[in-house]
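Participant: mmCIF, N, CA and C atoms and all ligand atoms, file model31.cif:
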```
data_input
#
loop_
_atom_site.label_atom_id
_atom_site.label_comp_id
_atom_site.auth_asym_id
_atom_site.auth_seq_id
_atom_site.Cartn_x
_atom_site.Cartn_y
_atom_site.Cartn_z
N MET A 1 -31.22 -16.79 6.14
CA MET A 1 -31.80 -18.13 6.22
C MET A 1 -32.31 -18.39 7.63
N PHE A 2 -33.46 -18.98 7.71
CA PHE A 2 -34.10 -19.25 8.99
C PHE A 2 -33.56 -20.55 9.58
N ASP A 3 -32.95 -20.47 10.74
CA ASP A 3 -32.33 -21.64 11.37
C ASP A 3 -33.36 -22.36 12.24
N ILE A 4 -33.67 -23.61 11.89
CA ILE A 4 -34.67 -24.36 12.65
C ILE A 4 -34.02 -25.41 13.55
N SER A 5 -32.71 -25.45 13.60
CA SER A 5 -32.06 -26.51 14.39
C SER A 5 -32.39 -26.37 15.88
N GLY A 6 -32.78 -27.48 16.46
CA GLY A 6 -33.04 -27.53 17.89
C GLY A 6 -34.29 -26.80 18.34
N ARG A 7 -35.15 -26.43 17.41
CA ARG A 7 -36.32 -25.62 17.76
C ARG A 7 -37.55 -26.46 18.02
N GLU A 8 -38.49 -25.88 18.73
CA GLU A 8 -39.77 -26.52 19.01
C GLU A 8 -40.84 -25.43 18.99
N TRP A 9 -41.97 -25.73 18.36
CA TRP A 9 -43.01 -24.73 18.22
C TRP A 9 -44.37 -25.28 18.64
N THR A 10 -45.22 -24.38 19.11
CA THR A 10 -46.62 -24.74 19.31
C THR A 10 -47.25 -24.87 17.92
N GLU A 11 -48.42 -25.46 17.88
CA GLU A 11 -49.10 -25.64 16.60
C GLU A 11 -49.33 -24.30 15.90
N GLU A 12 -49.75 -23.31 16.67
CA GLU A 12 -49.99 -21.98 16.11
C GLU A 12 -48.71 -21.39 15.51
N GLU A 13 -47.61 -21.51 16.24
CA GLU A 13 -46.33 -20.97 15.75
C GLU A 13 -45.89 -21.71 14.48
N TYR A 14 -46.00 -23.05 14.53
CA TYR A 14 -45.58 -23.85 13.38
C TYR A 14 -46.39 -23.49 12.14
N LEU A 15 -47.71 -23.42 12.29
CA LEU A 15 -48.56 -23.14 11.14
C LEU A 15 -48.22 -21.79 10.51
N ARG A 16 -47.91 -20.80 11.34
CA ARG A 16 -47.54 -19.49 10.82
C ARG A 16 -46.21 -19.58 10.05
N LEU A 17 -45.23 -20.28 10.62
CA LEU A 17 -43.93 -20.42 9.95
C LEU A 17 -44.07 -21.25 8.67
N HIS A 18 -44.91 -22.27 8.72
CA HIS A 18 -45.14 -23.11 7.53
C HIS A 18 -45.79 -22.29 6.42
N GLU A 19 -46.74 -21.47 6.80
CA GLU A 19 -47.42 -20.61 5.83
C GLU A 19 -46.44 -19.64 5.16
N GLN A 20 -45.45 -19.22 5.93
CA GLN A 20 -44.43 -18.30 5.40
C GLN A 20 -43.35 -19.04 4.62
N GLY A 21 -43.44 -20.37 4.58
CA GLY A 21 -42.47 -21.16 3.84
C GLY A 21 -41.15 -21.33 4.57
N LEU A 22 -41.13 -21.04 5.87
CA LEU A 22 -39.87 -21.11 6.61
C LEU A 22 -39.60 -22.50 7.18
N VAL A 23 -40.65 -23.30 7.37
CA VAL A 23 -40.51 -24.65 7.91
C VAL A 23 -41.38 -25.57 7.07
N GLN A 24 -40.82 -26.73 6.72
CA GLN A 24 -41.55 -27.69 5.92
C GLN A 24 -41.96 -28.88 6.79
N GLU A 25 -43.00 -29.57 6.38
CA GLU A 25 -43.50 -30.72 7.13
C GLU A 25 -42.42 -31.80 7.30
N LYS A 26 -41.58 -31.96 6.29
CA LYS A 26 -40.52 -32.98 6.34
C LYS A 26 -39.44 -32.65 7.36
N ASP A 27 -39.42 -31.43 7.84
CA ASP A 27 -38.37 -30.99 8.77
C ASP A 27 -38.75 -31.14 10.23
N VAL A 28 -39.97 -31.61 10.51
CA VAL A 28 -40.45 -31.65 11.89
C VAL A 28 -41.09 -32.98 12.23
N VAL A 29 -41.18 -33.24 13.51
CA VAL A 29 -41.99 -34.34 14.03
C VAL A 29 -42.98 -33.68 14.98
N LYS A 30 -44.21 -34.18 14.97
CA LYS A 30 -45.19 -33.57 15.85
C LYS A 30 -45.62 -34.56 16.93
N VAL A 31 -45.79 -34.02 18.12
CA VAL A 31 -46.20 -34.81 19.27
C VAL A 31 -47.34 -34.07 19.96
N ILE A 32 -48.24 -34.83 20.58
CA ILE A 32 -49.31 -34.21 21.35
C ILE A 32 -48.68 -33.48 22.54
N GLY A 33 -49.05 -32.25 22.77
CA GLY A 33 -48.43 -31.42 23.80
C GLY A 33 -48.44 -32.03 25.19
N VAL A 34 -49.61 -32.48 25.63
CA VAL A 34 -49.72 -33.15 26.93
C VAL A 34 -50.25 -34.54 26.64
N HIS A 35 -49.45 -35.52 27.00
CA HIS A 35 -49.77 -36.90 26.66
C HIS A 35 -49.39 -37.80 27.83
N ASN A 36 -50.28 -38.70 28.21
CA ASN A 36 -50.02 -39.61 29.34
C ASN A 36 -49.56 -38.85 30.59
N GLN A 37 -50.26 -37.77 30.87
CA GLN A 37 -49.97 -36.95 32.06
C GLN A 37 -48.54 -36.42 32.08
N MET A 38 -48.02 -36.11 30.92
CA MET A 38 -46.70 -35.50 30.84
C MET A 38 -46.69 -34.40 29.79
N CYS A 39 -46.09 -33.28 30.13
CA CYS A 39 -45.93 -32.20 29.17
C CYS A 39 -44.71 -32.51 28.30
N GLU A 40 -44.93 -32.53 27.01
CA GLU A 40 -43.84 -32.87 26.09
C GLU A 40 -42.82 -31.74 25.96
N ARG A 41 -43.19 -30.53 26.38
CA ARG A 41 -42.22 -29.43 26.27
C ARG A 41 -41.31 -29.36 27.48
N CYS A 42 -41.89 -29.34 28.70
CA CYS A 42 -41.04 -29.15 29.89
C CYS A 42 -40.89 -30.44 30.69
N LEU A 43 -41.54 -31.50 30.24
CA LEU A 43 -41.48 -32.83 30.86
C LEU A 43 -42.11 -32.87 32.25
N ASN A 44 -42.94 -31.89 32.55
CA ASN A 44 -43.68 -31.89 33.81
C ASN A 44 -44.58 -33.12 33.89
N GLN A 45 -44.56 -33.76 35.06
CA GLN A 45 -45.44 -34.89 35.30
C GLN A 45 -46.23 -34.73 36.59
N SER A 46 -46.11 -33.58 37.24
CA SER A 46 -46.81 -33.34 38.51
C SER A 46 -48.24 -32.89 38.25
N ASP A 47 -49.17 -33.64 38.81
CA ASP A 47 -50.58 -33.30 38.63
C ASP A 47 -50.88 -31.86 39.04
N GLU A 48 -50.19 -31.39 40.08
CA GLU A 48 -50.46 -30.05 40.58
C GLU A 48 -50.14 -28.95 39.56
N TRP A 49 -49.34 -29.30 38.55
CA TRP A 49 -48.98 -28.30 37.54
C TRP A 49 -49.76 -28.47 36.25
N PHE A 50 -50.81 -29.28 36.28
CA PHE A 50 -51.71 -29.35 35.13
C PHE A 50 -53.01 -28.67 35.48
N GLY A 51 -53.59 -28.00 34.52
CA GLY A 51 -54.89 -27.38 34.68
C GLY A 51 -55.85 -27.98 33.68
N THR A 52 -57.13 -27.84 33.93
CA THR A 52 -58.13 -28.36 32.99
C THR A 52 -59.24 -27.35 32.81
N PHE A 53 -59.85 -27.40 31.67
CA PHE A 53 -61.07 -26.65 31.40
C PHE A 53 -61.80 -27.36 30.28
N THR A 54 -63.05 -27.01 30.12
CA THR A 54 -63.85 -27.63 29.06
C THR A 54 -64.07 -26.61 27.95
N TYR A 55 -63.81 -27.03 26.73
CA TYR A 55 -64.01 -26.16 25.57
C TYR A 55 -64.78 -26.94 24.51
N LYS A 56 -65.93 -26.43 24.13
CA LYS A 56 -66.81 -27.09 23.15
C LYS A 56 -67.04 -28.56 23.51
N GLY A 57 -67.26 -28.79 24.79
CA GLY A 57 -67.58 -30.13 25.25
C GLY A 57 -66.38 -31.06 25.45
N GLN A 58 -65.19 -30.56 25.17
CA GLN A 58 -64.00 -31.39 25.29
C GLN A 58 -63.16 -30.95 26.49
N LEU A 59 -62.71 -31.91 27.27
CA LEU A 59 -61.88 -31.60 28.43
C LEU A 59 -60.44 -31.33 27.95
N ILE A 60 -59.98 -30.15 28.23
CA ILE A 60 -58.62 -29.75 27.83
C ILE A 60 -57.72 -29.81 29.07
N THR A 61 -56.61 -30.50 28.96
CA THR A 61 -55.60 -30.52 30.02
C THR A 61 -54.38 -29.77 29.49
N TYR A 62 -53.94 -28.79 30.25
CA TYR A 62 -52.79 -27.99 29.81
C TYR A 62 -51.74 -27.93 30.90
N CYS A 63 -50.53 -27.63 30.51
CA CYS A 63 -49.42 -27.56 31.46
C CYS A 63 -49.29 -26.13 31.96
N ARG A 64 -49.34 -25.98 33.27
CA ARG A 64 -49.18 -24.66 33.87
C ARG A 64 -47.71 -24.34 34.13
N GLN A 65 -46.89 -25.38 34.17
CA GLN A 65 -45.47 -25.16 34.49
C GLN A 65 -44.75 -24.36 33.41
N CYS A 66 -45.12 -24.56 32.17
CA CYS A 66 -44.45 -23.82 31.08
C CYS A 66 -45.44 -22.92 30.35
N LEU A 67 -46.50 -22.56 31.00
CA LEU A 67 -47.55 -21.74 30.39
C LEU A 67 -47.04 -20.39 29.89
N ASP A 68 -46.01 -19.86 30.53
CA ASP A 68 -45.46 -18.57 30.11
C ASP A 68 -44.91 -18.62 28.69
N PHE A 69 -44.64 -19.81 28.19
CA PHE A 69 -44.08 -19.96 26.84
C PHE A 69 -45.16 -20.33 25.83
N LYS A 70 -46.41 -20.05 26.12
CA LYS A 70 -47.60 -20.37 25.33
C LYS A 70 -48.13 -21.73 25.77
N MET A 71 -49.42 -21.87 25.66
CA MET A 71 -50.09 -23.04 26.21
C MET A 71 -49.80 -24.31 25.40
N VAL A 72 -49.50 -25.36 26.16
CA VAL A 72 -49.33 -26.70 25.60
C VAL A 72 -50.44 -27.54 26.21
N ASP A 73 -51.20 -28.25 25.37
CA ASP A 73 -52.32 -29.03 25.91
C ASP A 73 -52.46 -30.37 25.21
N ASN A 74 -53.49 -31.08 25.60
CA ASN A 74 -53.70 -32.43 25.08
C ASN A 74 -54.46 -32.44 23.75
N CYS A 75 -54.75 -31.28 23.21
CA CYS A 75 -55.50 -31.20 21.96
C CYS A 75 -54.71 -30.58 20.81
N HIS A 76 -53.51 -30.17 21.08
CA HIS A 76 -52.68 -29.55 20.04
C HIS A 76 -51.30 -30.20 20.01
N TYR A 77 -50.70 -30.10 18.86
CA TYR A 77 -49.37 -30.67 18.70
C TYR A 77 -48.28 -29.68 19.06
N LEU A 78 -47.16 -30.23 19.45
CA LEU A 78 -45.90 -29.50 19.49
C LEU A 78 -45.12 -29.98 18.27
N TYR A 79 -44.44 -29.10 17.62
CA TYR A 79 -43.66 -29.46 16.43
C TYR A 79 -42.19 -29.30 16.76
N ARG A 80 -41.45 -30.38 16.59
CA ARG A 80 -40.02 -30.37 16.88
C ARG A 80 -39.22 -30.48 15.60
N SER A 81 -38.25 -29.64 15.52
CA SER A 81 -37.35 -29.71 14.38
C SER A 81 -36.60 -31.04 14.40
N LEU A 82 -36.44 -31.63 13.24
CA LEU A 82 -35.66 -32.86 13.14
C LEU A 82 -34.16 -32.57 13.07
N MET A 83 -33.83 -31.29 12.91
CA MET A 83 -32.42 -30.90 12.87
C MET A 83 -31.95 -30.66 14.30
N PRO A 84 -30.97 -31.43 14.77
CA PRO A 84 -30.50 -31.21 16.14
C PRO A 84 -29.87 -29.83 16.30
N ALA A 85 -29.87 -29.36 17.54
CA ALA A 85 -29.26 -28.07 17.81
C ALA A 85 -27.80 -28.09 17.37
N LYS A 86 -27.37 -27.00 16.78
CA LYS A 86 -26.01 -26.94 16.26
C LYS A 86 -25.02 -26.51 17.34
N VAL A 87 -23.97 -27.25 17.43
CA VAL A 87 -22.82 -26.82 18.23
C VAL A 87 -21.65 -26.91 17.26
N THR A 88 -21.14 -25.79 16.88
CA THR A 88 -20.13 -25.77 15.83
C THR A 88 -18.75 -25.47 16.41
N GLN A 89 -17.76 -25.68 15.55
CA GLN A 89 -16.38 -25.34 15.93
C GLN A 89 -16.27 -23.86 16.23
N ASN A 90 -17.14 -23.09 15.61
CA ASN A 90 -17.08 -21.64 15.78
C ASN A 90 -17.90 -21.14 16.96
N ALA A 91 -18.41 -22.09 17.75
CA ALA A 91 -19.22 -21.68 18.89
C ALA A 91 -18.40 -20.77 19.80
N HIS A 92 -19.05 -19.85 20.41
CA HIS A 92 -18.37 -18.90 21.28
C HIS A 92 -17.88 -19.59 22.55
N VAL A 93 -16.76 -19.16 23.02
CA VAL A 93 -16.25 -19.62 24.30
C VAL A 93 -16.54 -18.52 25.31
N LEU A 94 -17.17 -18.89 26.37
CA LEU A 94 -17.56 -17.90 27.37
C LEU A 94 -16.57 -17.92 28.52
N ASN A 95 -15.90 -16.82 28.71
CA ASN A 95 -14.98 -16.68 29.83
C ASN A 95 -15.56 -15.68 30.82
N LEU A 96 -15.90 -16.15 31.97
CA LEU A 96 -16.48 -15.27 32.98
C LEU A 96 -15.39 -14.73 33.89
N ASP A 97 -15.53 -13.48 34.26
CA ASP A 97 -14.56 -12.91 35.20
C ASP A 97 -15.17 -12.84 36.59
N PHE A 98 -16.15 -13.71 36.83
CA PHE A 98 -16.74 -13.78 38.16
C PHE A 98 -17.19 -15.22 38.39
N LYS A 99 -17.46 -15.54 39.65
CA LYS A 99 -17.88 -16.89 40.02
C LYS A 99 -19.41 -16.95 39.98
N LEU A 100 -19.92 -18.05 39.42
CA LEU A 100 -21.36 -18.23 39.39
C LEU A 100 -21.89 -18.48 40.80
N SER A 101 -23.10 -18.02 41.06
CA SER A 101 -23.75 -18.35 42.33
C SER A 101 -24.09 -19.84 42.29
N SER A 102 -24.48 -20.39 43.41
CA SER A 102 -24.79 -21.82 43.44
C SER A 102 -25.96 -22.15 42.51
N LEU A 103 -26.96 -21.27 42.44
CA LEU A 103 -28.10 -21.53 41.55
C LEU A 103 -27.69 -21.40 40.08
N GLN A 104 -26.86 -20.42 39.78
CA GLN A 104 -26.36 -20.27 38.41
C GLN A 104 -25.51 -21.46 38.02
N GLN A 105 -24.67 -21.93 38.95
CA GLN A 105 -23.82 -23.08 38.68
C GLN A 105 -24.68 -24.32 38.43
N ARG A 106 -25.73 -24.45 39.22
CA ARG A 106 -26.64 -25.59 39.06
C ARG A 106 -27.29 -25.57 37.66
N ALA A 107 -27.72 -24.40 37.22
CA ALA A 107 -28.33 -24.28 35.89
C ALA A 107 -27.29 -24.57 34.81
N SER A 108 -26.08 -24.08 35.01
CA SER A 108 -25.00 -24.30 34.06
C SER A 108 -24.68 -25.79 33.96
N ASP A 109 -24.56 -26.45 35.10
CA ASP A 109 -24.26 -27.89 35.11
C ASP A 109 -25.37 -28.68 34.42
N PHE A 110 -26.62 -28.28 34.67
CA PHE A 110 -27.76 -28.94 34.04
C PHE A 110 -27.67 -28.81 32.52
N ALA A 111 -27.41 -27.59 32.05
CA ALA A 111 -27.33 -27.35 30.62
C ALA A 111 -26.19 -28.16 29.98
N LYS A 112 -25.03 -28.15 30.62
CA LYS A 112 -23.89 -28.91 30.08
C LYS A 112 -24.21 -30.40 30.03
N ASN A 113 -24.85 -30.88 31.08
CA ASN A 113 -25.17 -32.30 31.17
C ASN A 113 -26.13 -32.75 30.07
N ILE A 114 -27.20 -31.98 29.83
CA ILE A 114 -28.15 -32.41 28.80
C ILE A 114 -27.56 -32.26 27.40
N LEU A 115 -26.70 -31.26 27.22
CA LEU A 115 -26.07 -31.10 25.91
C LEU A 115 -25.14 -32.27 25.62
N LYS A 116 -24.38 -32.68 26.63
CA LYS A 116 -23.47 -33.82 26.45
C LYS A 116 -24.22 -35.09 26.12
N LYS A 117 -25.37 -35.28 26.78
CA LYS A 117 -26.15 -36.50 26.58
C LYS A 117 -27.06 -36.42 25.36
N GLY A 118 -27.18 -35.24 24.77
CA GLY A 118 -28.06 -35.07 23.62
C GLY A 118 -29.53 -35.11 24.02
N GLU A 119 -29.80 -34.79 25.27
CA GLU A 119 -31.17 -34.80 25.75
C GLU A 119 -31.78 -33.41 25.62
N THR A 120 -33.03 -33.31 25.99
CA THR A 120 -33.68 -32.01 25.99
C THR A 120 -34.02 -31.63 27.41
N GLY A 121 -34.18 -30.36 27.63
CA GLY A 121 -34.53 -29.88 28.96
C GLY A 121 -34.87 -28.41 28.90
N ILE A 122 -35.25 -27.88 30.02
CA ILE A 122 -35.61 -26.46 30.06
C ILE A 122 -35.07 -25.86 31.35
N ILE A 123 -34.54 -24.67 31.24
CA ILE A 123 -34.14 -23.90 32.41
C ILE A 123 -35.11 -22.74 32.50
N TRP A 124 -35.83 -22.74 33.57
CA TRP A 124 -36.84 -21.71 33.75
C TRP A 124 -36.31 -20.74 34.79
N ALA A 125 -35.90 -19.60 34.35
CA ALA A 125 -35.31 -18.62 35.24
C ALA A 125 -35.98 -17.26 35.02
N VAL A 126 -36.22 -16.58 36.06
CA VAL A 126 -36.90 -15.29 35.99
C VAL A 126 -35.87 -14.18 36.22
N CYS A 127 -35.88 -13.20 35.34
CA CYS A 127 -34.98 -12.06 35.50
C CYS A 127 -35.30 -11.36 36.82
N GLY A 128 -34.27 -11.03 37.55
CA GLY A 128 -34.45 -10.31 38.80
C GLY A 128 -34.92 -11.19 39.95
N ALA A 129 -34.79 -12.50 39.80
CA ALA A 129 -35.27 -13.41 40.83
C ALA A 129 -34.17 -13.81 41.81
N ARG A 130 -33.09 -13.08 41.83
CA ARG A 130 -32.01 -13.27 42.79
C ARG A 130 -31.21 -14.56 42.55
N LYS A 131 -31.09 -14.95 41.29
CA LYS A 131 -30.29 -16.14 40.99
C LYS A 131 -28.81 -15.87 41.25
N ASN A 132 -28.44 -14.59 41.28
CA ASN A 132 -27.04 -14.24 41.45
C ASN A 132 -26.62 -14.21 42.92
N ARG A 133 -27.51 -14.62 43.79
CA ARG A 133 -27.20 -14.57 45.23
C ARG A 133 -27.10 -15.99 45.78
N ASP A 134 -26.13 -16.20 46.63
CA ASP A 134 -25.97 -17.51 47.26
C ASP A 134 -26.70 -17.61 48.58
N ASP A 135 -27.21 -16.50 49.08
CA ASP A 135 -27.83 -16.52 50.39
C ASP A 135 -29.34 -16.72 50.34
N VAL A 136 -29.86 -17.19 49.20
CA VAL A 136 -31.31 -17.45 49.11
C VAL A 136 -31.57 -18.93 49.03
ZN ZN A 201 -44.97 -27.89 30.34
#
```
Output the structure of this file as structure tokens.
Ligand SMILES: [Zn+2]
Facilitator:
Amino acid sequence: MFDISGREWTEEEYLRLHEQGLVQEKDVVKVIGVHNQMCERCLNQSDEWFGTFTYKGQLITYCRQCLDFKMVDNCHYLYRSLMPAKVTQNAHVLNLDFKLSSLQQRASDFAKNILKKGETGIIWAVCGARKNRDDV
């Protein structure tokens, strides 16, 4: 069974999943990707992280901050699952045998905080970017 809880898709991704019968229209809410100078996926509001181009006479504004996760713009929808992310009794308990670096701890605290509040957020971390070091 395809789990859609807590998921969000670009229009292209949603249409493909819908075509495959994995997601139904009743299971999602759609929002314009970039609306009122804010990216609905990563919540970016900094002008410096928006890009623009003209396509077929229409000015397209897209978010560069989360571009690595596929383009979000002012002309396409993002589709959000209406099923909240699942946190079950059977969720794994993570026991670390090492101390998190300050950046890792910051990301961990952020994640715990938004989960507790039922909010959404994004942690953008690059593999090999020295998050495990405290001296950066
Ligand atoms: Zn974004």
Participant: So which residues are near ligand ZN 201 (chain A), meaning at most 6 Å away with only N, CA and C atoms and all ligand atoms counted, given back as a PyMOL selection string?
Facilitator: chain A and resi 39-44+63-67
Participant: Record the distance separating CA of Ile4 in chain A and atom N of Val29 in chain A, expressed in Å with one decimal.
Facilitator: 11.0 Å
Participant: Write out as a PyMOL selection string each polymer residue whose atoms come within 8 Å of Phe2 in chain A, counting all atoms listed in the file; drop sequence neighbours fewer than 2 positions from it.
Facilitator: chain A and resi 4-5+22-23
Participant: Mind listing the alpha helix (DSSP H) residues of range 63-120 of chain A, per DSSP on the backbone, as a list in words?
Facilitator: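 Filtering range 63-120 of chain A to alpha helix (DSSP H) leaves Ser102, Leu103, Gln104, Gln105, Arg106, Ala107, Ser108, Asp109, Phe110, Ala111, Lys112, Asn113, Ile114, Leu115, Lys116 and Lys117 of chain A.
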Participant: Just N, CA and C atoms for this one: save the residues we selected as a PDB file, in the frame of the given file.
Facilitator:
```
ATOM      1  N   SER A 102     -24.480 -20.390  43.410  1.00  0.00           N
ATOM      2  CA  SER A 102     -24.790 -21.820  43.440  1.00  0.00           C
ATOM      3  C   SER A 102     -25.960 -22.150  42.510  1.00  0.00           C
ATOM      4  N   LEU A 103     -26.960 -21.270  42.440  1.00  0.00           N
ATOM      5  CA  LEU A 103     -28.100 -21.530  41.550  1.00  0.00           C
ATOM      6  C   LEU A 103     -27.690 -21.400  40.080  1.00  0.00           C
ATOM      7  N   GLN A 104     -26.860 -20.420  39.780  1.00  0.00           N
ATOM      8  CA  GLN A 104     -26.360 -20.270  38.410  1.00  0.00           C
ATOM      9  C   GLN A 104     -25.510 -21.460  38.020  1.00  0.00           C
ATOM     10  N   GLN A 105     -24.670 -21.930  38.950  1.00  0.00           N
ATOM     11  CA  GLN A 105     -23.820 -23.080  38.680  1.00  0.00           C
ATOM     12  C   GLN A 105     -24.680 -24.320  38.430  1.00  0.00           C
ATOM     13  N   ARG A 106     -25.730 -24.450  39.220  1.00  0.00           N
ATOM     14  CA  ARG A 106     -26.640 -25.590  39.060  1.00  0.00           C
ATOM     15  C   ARG A 106     -27.290 -25.570  37.660  1.00  0.00           C
ATOM     16  N   ALA A 107     -27.720 -24.400  37.220  1.00  0.00           N
ATOM     17  CA  ALA A 107     -28.330 -24.280  35.890  1.00  0.00           C
ATOM     18  C   ALA A 107     -27.290 -24.570  34.810  1.00  0.00           C
ATOM     19  N   SER A 108     -26.080 -24.080  35.010  1.00  0.00           N
ATOM     20  CA  SER A 108     -25.000 -24.300  34.060  1.00  0.00           C
ATOM     21  C   SER A 108     -24.680 -25.790  33.960  1.00  0.00           C
ATOM     22  N   ASP A 109     -24.560 -26.450  35.100  1.00  0.00           N
ATOM     23  CA  ASP A 109     -24.260 -27.890  35.110  1.00  0.00           C
ATOM     24  C   ASP A 109     -25.370 -28.680  34.420  1.00  0.00           C
ATOM     25  N   PHE A 110     -26.620 -28.280  34.670  1.00  0.00           N
ATOM     26  CA  PHE A 110     -27.760 -28.940  34.040  1.00  0.00           C
ATOM     27  C   PHE A 110     -27.670 -28.810  32.520  1.00  0.00           C
ATOM     28  N   ALA A 111     -27.410 -27.590  32.050  1.00  0.00           N
ATOM     29  CA  ALA A 111     -27.330 -27.350  30.620  1.00  0.00           C
ATOM     30  C   ALA A 111     -26.190 -28.160  29.980  1.00  0.00           C
ATOM     31  N   LYS A 112     -25.030 -28.150  30.620  1.00  0.00           N
ATOM     32  CA  LYS A 112     -23.890 -28.910  30.080  1.00  0.00           C
ATOM     33  C   LYS A 112     -24.210 -30.400  30.030  1.00  0.00           C
ATOM     34  N   ASN A 113     -24.850 -30.880  31.080  1.00  0.00           N
ATOM     35  CA  ASN A 113     -25.170 -32.300  31.170  1.00  0.00           C
ATOM     36  C   ASN A 113     -26.130 -32.750  30.070  1.00  0.00           C
ATOM     37  N   ILE A 114     -27.200 -31.980  29.830  1.00  0.00           N
ATOM     38  CA  ILE A 114     -28.150 -32.410  28.800  1.00  0.00           C
ATOM     39  C   ILE A 114     -27.560 -32.260  27.400  1.00  0.00           C
ATOM     40  N   LEU A 115     -26.700 -31.260  27.220  1.00  0.00           N
ATOM     41  CA  LEU A 115     -26.070 -31.100  25.910  1.00  0.00           C
ATOM     42  C   LEU A 115     -25.140 -32.270  25.620  1.00  0.00           C
ATOM     43  N   LYS A 116     -24.380 -32.680  26.630  1.00  0.00           N
ATOM     44  CA  LYS A 116     -23.470 -33.820  26.450  1.00  0.00           C
ATOM     45  C   LYS A 116     -24.220 -35.090  26.120  1.00  0.00           C
ATOM     46  N   LYS A 117     -25.370 -35.280  26.780  1.00  0.00           N
ATOM     47  CA  LYS A 117     -26.150 -36.500  26.580  1.00  0.00           C
ATOM     48  C   LYS A 117     -27.060 -36.420  25.360  1.00  0.00           C
TER      49      LYS A 117
END
```
Participant: Would you compute the distance between atom N of Tyr79 in chain A and atom N of Arg7 in chain A? Give it in Å to one decimal.
Facilitator: 9.7 Å
Participant: When you draw a straight line from atom C of Ser102 in chain A to CA of Ala125 in chain A, how long is it in Å?
Facilitator: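 According to the coordinates, atom C of Ser102 in chain A and CA of Ala125 in chain A are separated by 12.4 Å.
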Participant: At a cut-off of 8 Å, using all atoms listed in the file, what residues contact Cys75 in chain A? Leave out same-chain residues fewer than 2 positions from it and give the result as a list in words.
Facilitator: Ile32, Gly33, Val34, His35, Leu59, Ile60, Thr61, Tyr62, Val72, Asp73, Tyr77 and Leu78 of chain A
Participant: Go through range 1-126 of chain A and collect every residue that DSSP, computed from the backbone, puts in strand (DSSP E); the answer should be as a PyMOL selection string.
Facilitator: chain A and resi 8-10+28-32+34-35+38-39+50-55+58-63+77-81
Participant: Within 12 Å of range 108-120 of chain A, which residues of range 46-92 of chain A show up? Give each one with its shortest atom-to-atom distance in Å (one decimal) and the two atoms involved, counting only C-alpha atoms, rows by chain then rising residue number, as JSON lines.
Facilitator:
```
{"residue": "A:Arg80", "atom": "CA", "partner": "A:Thr120", "partner_atom": "CA", "distance": 11.2}
{"residue": "A:Pro84", "atom": "CA", "partner": "A:Gly118", "partner_atom": "CA", "distance": 8.8}
{"residue": "A:Ala85", "atom": "CA", "partner": "A:Gly118", "partner_atom": "CA", "distance": 9.2}
{"residue": "A:Lys86", "atom": "CA", "partner": "A:Leu115", "partner_atom": "CA", "distance": 10.5}
{"residue": "A:Val87", "atom": "CA", "partner": "A:Leu115", "partner_atom": "CA", "distance": 9.4}
```
Participant: How would you write as an NGL selection string the residues that get within 7 Å of (-34.2, -27.7, 10.8) in the file's frame, counting only C-alpha atoms?
Facilitator: :A and (3-5 or 27 or 81-83)
Participant: Would you save the residues of that selection, restricted to N, CA and C atoms, as a PDB file, keeping the file's coordinate frame?
Facilitator:
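That gives us part19.pdb:
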```pdb
ATOM      1  N   ASP A   3     -32.950 -20.470  10.740  1.00  0.00           N
ATOM      2  CA  ASP A   3     -32.330 -21.640  11.370  1.00  0.00           C
ATOM      3  C   ASP A   3     -33.360 -22.360  12.240  1.00  0.00           C
ATOM      4  N   ILE A   4     -33.670 -23.610  11.890  1.00  0.00           N
ATOM      5  CA  ILE A   4     -34.670 -24.360  12.650  1.00  0.00           C
ATOM      6  C   ILE A   4     -34.020 -25.410  13.550  1.00  0.00           C
ATOM      7  N   SER A   5     -32.710 -25.450  13.600  1.00  0.00           N
ATOM      8  CA  SER A   5     -32.060 -26.510  14.390  1.00  0.00           C
ATOM      9  C   SER A   5     -32.390 -26.370  15.880  1.00  0.00           C
ATOM     10  N   ASP A  27     -39.420 -31.430   7.840  1.00  0.00           N
ATOM     11  CA  ASP A  27     -38.370 -30.990   8.770  1.00  0.00           C
ATOM     12  C   ASP A  27     -38.750 -31.140  10.230  1.00  0.00           C
ATOM     13  N   SER A  81     -38.250 -29.640  15.520  1.00  0.00           N
ATOM     14  CA  SER A  81     -37.350 -29.710  14.380  1.00  0.00           C
ATOM     15  C   SER A  81     -36.600 -31.040  14.400  1.00  0.00           C
ATOM     16  N   LEU A  82     -36.440 -31.630  13.240  1.00  0.00           N
ATOM     17  CA  LEU A  82     -35.660 -32.860  13.140  1.00  0.00           C
ATOM     18  C   LEU A  82     -34.160 -32.570  13.070  1.00  0.00           C
ATOM     19  N   MET A  83     -33.830 -31.290  12.910  1.00  0.00           N
ATOM     20  CA  MET A  83     -32.420 -30.900  12.870  1.00  0.00           C
ATOM     21  C   MET A  83     -31.950 -30.660  14.300  1.00  0.00           C
TER      22      MET A  83
END
```
Participant: With 4 Å added on each side, what axis-aligned box encloses every listed atom of range 71-80 of chain A? Give the centre and edge lengths in Å to one decimal, as lines of an AutoDock Vina configuration file.
Facilitator:
```
center_x = -47.4
center_y = -27.2
center_z = 20.9
size_x = 24.3
size_y = 18.6
size_z = 18.6
```
